[in-house]
Amino acid sequence: MIRRERLTAHLDGEFVVFLIGMRINNPLKVHKWLPVARAMPRMIKELSRQPELGFIHAEMWFSRTIILVQYWRSMEQLLAYATSKHSEHLPAWQAFNKSVGTDGSVGIWHETYTVSAGTYENVYVNMPPFGLGKAGTLQPASGGKQSAAGRLNASKSAL
């Protein structure tokens with residue numbers, strides 16, 4: 001559902017933004033990149049079924065480079081999931097290292113950021129709930145929240 005108004009999103013407290021993706025370097029090596037591409041949806045399903053693990057929400061884009069933006073409650077919970085012997089992640093990581101490793105056929109990457117209250121801003125216009133707007137709470141971007149600087153100042157004032 002498209003929300004026609006100008007909105008901004010808020011998420012209480014500190015949270016983590018985790019960007020992760022893969023790049024298909026050799027499209028003909030389907031046997032190398034397809035297992036990697038299939039692994040992440042399994043992990044997202046697992047995480048969605050277990051909110052106590054700290055996963056909040058994810059958005060995914062598919063192209064030659066697949067990008068997934070995830071929101072987590074804490075760095076500790078993200079790292080615990082990544083190293084858990086009972087999660088989908090470790091077997092997928094081990095399979096990648098065994099099948100692909102550094103042969104150049106599939107690239108993988110991630111970036112992780114801890115976000116504190118008052119250090120982020122966002123705006124959504126003519127959009128369905130998306131990204132942080134889906135992970136957090138949407139509210140009108142009006143009054144002092146009409147500009148990026150205003151949204152940053154408003155969130156700092158709420159501290």
# chains A, B, ... in the order shown; residues from 1 in each chain; ligands from 1
call {"tool": "residues_around", "arguments": {"residues": "Lys134 of chain A", "least_positions_apart": "2", "cutoff": "12 Å", "atoms": "only C-alpha atoms", "output": "PyMOL selection string"}}
result
chain A and resi 7-11+56-59+69-71+124+127-132+136-139
call {"tool": "write_last_selection", "arguments": {"atoms": "C-alpha atoms", "output": "CSV table (one decimal), in the first residue's frame"}}
result
chain,number,residue,atom,x,y,z
A,7,LEU,CA,6.9,10.2,6.4
A,8,THR,CA,9.9,9.5,8.5
A,9,ALA,CA,10.8,6.3,10.5
A,10,HIS,CA,11.9,5.9,14.1
A,11,LEU,CA,13.3,2.8,15.8
A,56,ILE,CA,14.0,-7.1,13.0
A,57,HIS,CA,13.5,-6.8,9.2
A,58,ALA,CA,15.2,-7.2,5.8
A,59,GLU,CA,14.9,-5.8,2.3
A,69,VAL,CA,19.7,-4.7,4.0
A,70,GLN,CA,19.0,-6.2,7.5
A,71,TYR,CA,18.0,-4.5,10.7
A,124,TYR,CA,9.7,8.3,2.5
A,127,MET,CA,6.2,4.7,-0.8
A,128,PRO,CA,4.8,1.6,0.8
A,129,PRO,CA,6.4,0.9,4.2
A,130,PHE,CA,10.0,0.1,3.3
A,131,GLY,CA,13.4,-0.4,5.0
A,132,LEU,CA,13.6,1.3,8.4
A,136,GLY,CA,10.4,0.8,12.9
A,137,THR,CA,7.5,3.1,13.2
A,138,LEU,CA,6.4,5.6,10.5
A,139,GLN,CA,5.3,9.1,11.5
call {"tool": "closest_atom_pairs", "arguments": {"of": "segment 106-159 of chain A", "to": "segment 80-100 of chain A", "cutoff": "10 Å", "atoms": "only C-alpha atoms", "output": "JSON lines"}}
result
{"residue": "A:Val106", "atom": "CA", "partner": "A:Val100", "partner_atom": "CA", "distance": 6.9}
{"residue": "A:Gly107", "atom": "CA", "partner": "A:Val100", "partner_atom": "CA", "distance": 9.0}
{"residue": "A:Ile108", "atom": "CA", "partner": "A:Phe96", "partner_atom": "CA", "distance": 9.6}
call {"tool": "atom_distance", "arguments": {"atom1": "atom CA of Gly104 of chain A", "atom2": "atom CA of Glu46 of chain A"}}
result
28.7 Å
call {"tool": "closest_residue", "arguments": {"among": "A:Val115, A:Ile2, A:Leu78, A:Leu68", "to": "Pro41 of chain A", "atoms": "only C-alpha atoms"}}
result
A:Leu68
call {"tool": "residues_around", "arguments": {"residues": "Gln77 of chain A", "least_positions_apart": "4", "cutoff": "9 Å", "atoms": "only C-alpha atoms", "output": "PyMOL selection string"}}
result
chain A and resi 52-55+72-73+81-82
call {"tool": "select_by_dssp", "arguments": {"residues": "segment 7-137 of chain A", "states": "helix (DSSP H, G or I)", "output": "ChimeraX atom specification"}}
result
/A:30-49,51-53,75-83,89-99,132-135
call {"tool": "closest_residue", "arguments": {"among": "A:Val123, A:Gly118, A:Phe15, A:Ile44", "to": "Ala141 of chain A", "atoms": "only C-alpha atoms"}}
result
A:Val123
call {"tool": "closest_residue", "arguments": {"among": "A:Gly133, A:Ser142, A:Gly13, A:Ser105", "to": "Asn25 of chain A", "atoms": "only C-alpha atoms"}}
result
A:Ser105
call {"tool": "residues_around", "arguments": {"residues": "Leu34 of chain A", "least_positions_apart": "3", "cutoff": "12 Å", "atoms": "only C-alpha atoms", "output": "PDB file with N, CA and C atoms, in the first residue's frame"}}
result
ATOM      1  N   MET A  22      26.023 -10.580  -2.542  1.00  0.00           N
ATOM      2  CA  MET A  22      26.875 -11.403  -3.382  1.00  0.00           C
ATOM      3  C   MET A  22      26.885 -10.813  -4.783  1.00  0.00           C
ATOM      4  N   ARG A  23      27.939 -11.080  -5.518  1.00  0.00           N
ATOM      5  CA  ARG A  23      28.062 -10.608  -6.891  1.00  0.00           C
ATOM      6  C   ARG A  23      28.374 -11.805  -7.772  1.00  0.00           C
ATOM      7  N   ILE A  24      27.595 -11.985  -8.811  1.00  0.00           N
ATOM      8  CA  ILE A  24      27.819 -13.074  -9.756  1.00  0.00           C
ATOM      9  C   ILE A  24      28.904 -12.623 -10.728  1.00  0.00           C
ATOM     10  N   ASN A  26      30.803 -14.783 -12.584  1.00  0.00           N
ATOM     11  CA  ASN A  26      30.789 -15.652 -13.758  1.00  0.00           C
ATOM     12  C   ASN A  26      29.390 -16.254 -13.894  1.00  0.00           C
ATOM     13  N   PRO A  27      28.495 -15.606 -14.669  1.00  0.00           N
ATOM     14  CA  PRO A  27      27.109 -16.068 -14.788  1.00  0.00           C
ATOM     15  C   PRO A  27      26.969 -17.502 -15.289  1.00  0.00           C
ATOM     16  N   LEU A  28      27.931 -18.010 -16.029  1.00  0.00           N
ATOM     17  CA  LEU A  28      27.843 -19.373 -16.553  1.00  0.00           C
ATOM     18  C   LEU A  28      28.078 -20.438 -15.484  1.00  0.00           C
ATOM     19  N   LYS A  29      28.672 -20.051 -14.372  1.00  0.00           N
ATOM     20  CA  LYS A  29      28.934 -21.015 -13.292  1.00  0.00           C
ATOM     21  C   LYS A  29      27.760 -21.047 -12.312  1.00  0.00           C
ATOM     22  N   VAL A  30      26.607 -21.415 -12.829  1.00  0.00           N
ATOM     23  CA  VAL A  30      25.373 -21.464 -12.031  1.00  0.00           C
ATOM     24  C   VAL A  30      25.560 -22.359 -10.811  1.00  0.00           C
ATOM     25  N   HIS A  31      26.285 -23.459 -10.961  1.00  0.00           N
ATOM     26  CA  HIS A  31      26.500 -24.380  -9.847  1.00  0.00           C
ATOM     27  C   HIS A  31      27.285 -23.739  -8.704  1.00  0.00           C
ATOM     28  N   ALA A  37      23.037 -17.887  -3.628  1.00  0.00           N
ATOM     29  CA  ALA A  37      21.817 -17.079  -3.734  1.00  0.00           C
ATOM     30  C   ALA A  37      20.658 -17.702  -2.964  1.00  0.00           C
ATOM     31  N   ARG A  38      20.599 -19.010  -2.903  1.00  0.00           N
ATOM     32  CA  ARG A  38      19.503 -19.706  -2.203  1.00  0.00           C
ATOM     33  C   ARG A  38      19.680 -19.728  -0.689  1.00  0.00           C
ATOM     34  N   ALA A  39      20.891 -19.526  -0.216  1.00  0.00           N
ATOM     35  CA  ALA A  39      21.158 -19.637   1.224  1.00  0.00           C
ATOM     36  C   ALA A  39      20.507 -18.519   2.028  1.00  0.00           C
ATOM     37  N   MET A  40      20.576 -17.273   1.535  1.00  0.00           N
ATOM     38  CA  MET A  40      20.074 -16.147   2.324  1.00  0.00           C
ATOM     39  C   MET A  40      18.572 -16.221   2.595  1.00  0.00           C
ATOM     40  N   PRO A  41      17.718 -16.551   1.625  1.00  0.00           N
ATOM     41  CA  PRO A  41      16.292 -16.647   1.953  1.00  0.00           C
ATOM     42  C   PRO A  41      16.001 -17.671   3.052  1.00  0.00           C
ATOM     43  N   ARG A  64      22.748  -8.563 -10.911  1.00  0.00           N
ATOM     44  CA  ARG A  64      24.049  -9.229 -10.940  1.00  0.00           C
ATOM     45  C   ARG A  64      24.660  -9.221  -9.541  1.00  0.00           C
ATOM     46  N   ILE A  66      23.447  -9.083  -5.698  1.00  0.00           N
ATOM     47  CA  ILE A  66      22.300  -9.227  -4.798  1.00  0.00           C
ATOM     48  C   ILE A  66      22.647  -8.482  -3.521  1.00  0.00           C
ATOM     49  N   PHE A  96      30.067 -22.358   1.154  1.00  0.00           N
ATOM     50  CA  PHE A  96      30.662 -21.348   0.272  1.00  0.00           C
ATOM     51  C   PHE A  96      32.181 -21.506   0.235  1.00  0.00           C
ATOM     52  N   SER A  99      33.051 -24.761  -1.731  1.00  0.00           N
ATOM     53  CA  SER A  99      32.706 -24.767  -3.152  1.00  0.00           C
ATOM     54  C   SER A  99      33.329 -23.616  -3.938  1.00  0.00           C
ATOM     55  N   VAL A 100      33.347 -22.424  -3.335  1.00  0.00           N
ATOM     56  CA  VAL A 100      33.797 -21.222  -4.049  1.00  0.00           C
ATOM     57  C   VAL A 100      35.134 -20.729  -3.521  1.00  0.00           C
ATOM     58  N   SER A 105      34.571 -16.895  -8.824  1.00  0.00           N
ATOM     59  CA  SER A 105      33.291 -17.057  -9.520  1.00  0.00           C
ATOM     60  C   SER A 105      32.153 -16.290  -8.868  1.00  0.00           C
ATOM     61  N   VAL A 106      32.179 -16.172  -7.553  1.00  0.00           N
ATOM     62  CA  VAL A 106      31.131 -15.485  -6.799  1.00  0.00           C
ATOM     63  C   VAL A 106      31.797 -14.594  -5.757  1.00  0.00           C
TER      64      VAL A 106
END
call {"tool": "closest_residue", "arguments": {"among": "A:Gly21, A:Ala149, A:Lys45, A:Pro35", "to": "Glu111 of chain A", "atoms": "only C-alpha atoms"}}
result
A:Gly21
call {"tool": "residues_around", "arguments": {"residues": "Asn126 of chain A", "least_positions_apart": "3", "cutoff": "7 Å", "atoms": "only C-alpha atoms", "output": "ChimeraX atom specification"}}
result
/A:2-5
call {"tool": "write_last_selection", "arguments": {"atoms": "C-alpha atoms", "output": "JSON list (two decimals), in the first residue's frame"}}
result
[["chain", "number", "residue", "atom", "x", "y", "z"],
["A", 2, "ILE", "CA", 1.54, 3.28, -1.11],
["A", 3, "ARG", "CA", 1.56, 5.95, 1.59],
["A", 4, "ARG", "CA", 1.20, 9.28, -0.20],
["A", 5, "GLU", "CA", 2.19, 11.48, 2.70]]
call {"tool": "select_by_dssp", "arguments": {"residues": "segment 21-146 of chain A", "states": "strand (DSSP E or B)", "output": "PyMOL selection string"}}
result
chain A and resi 21-24+55-61+65-72+106-115+124-127+137-140
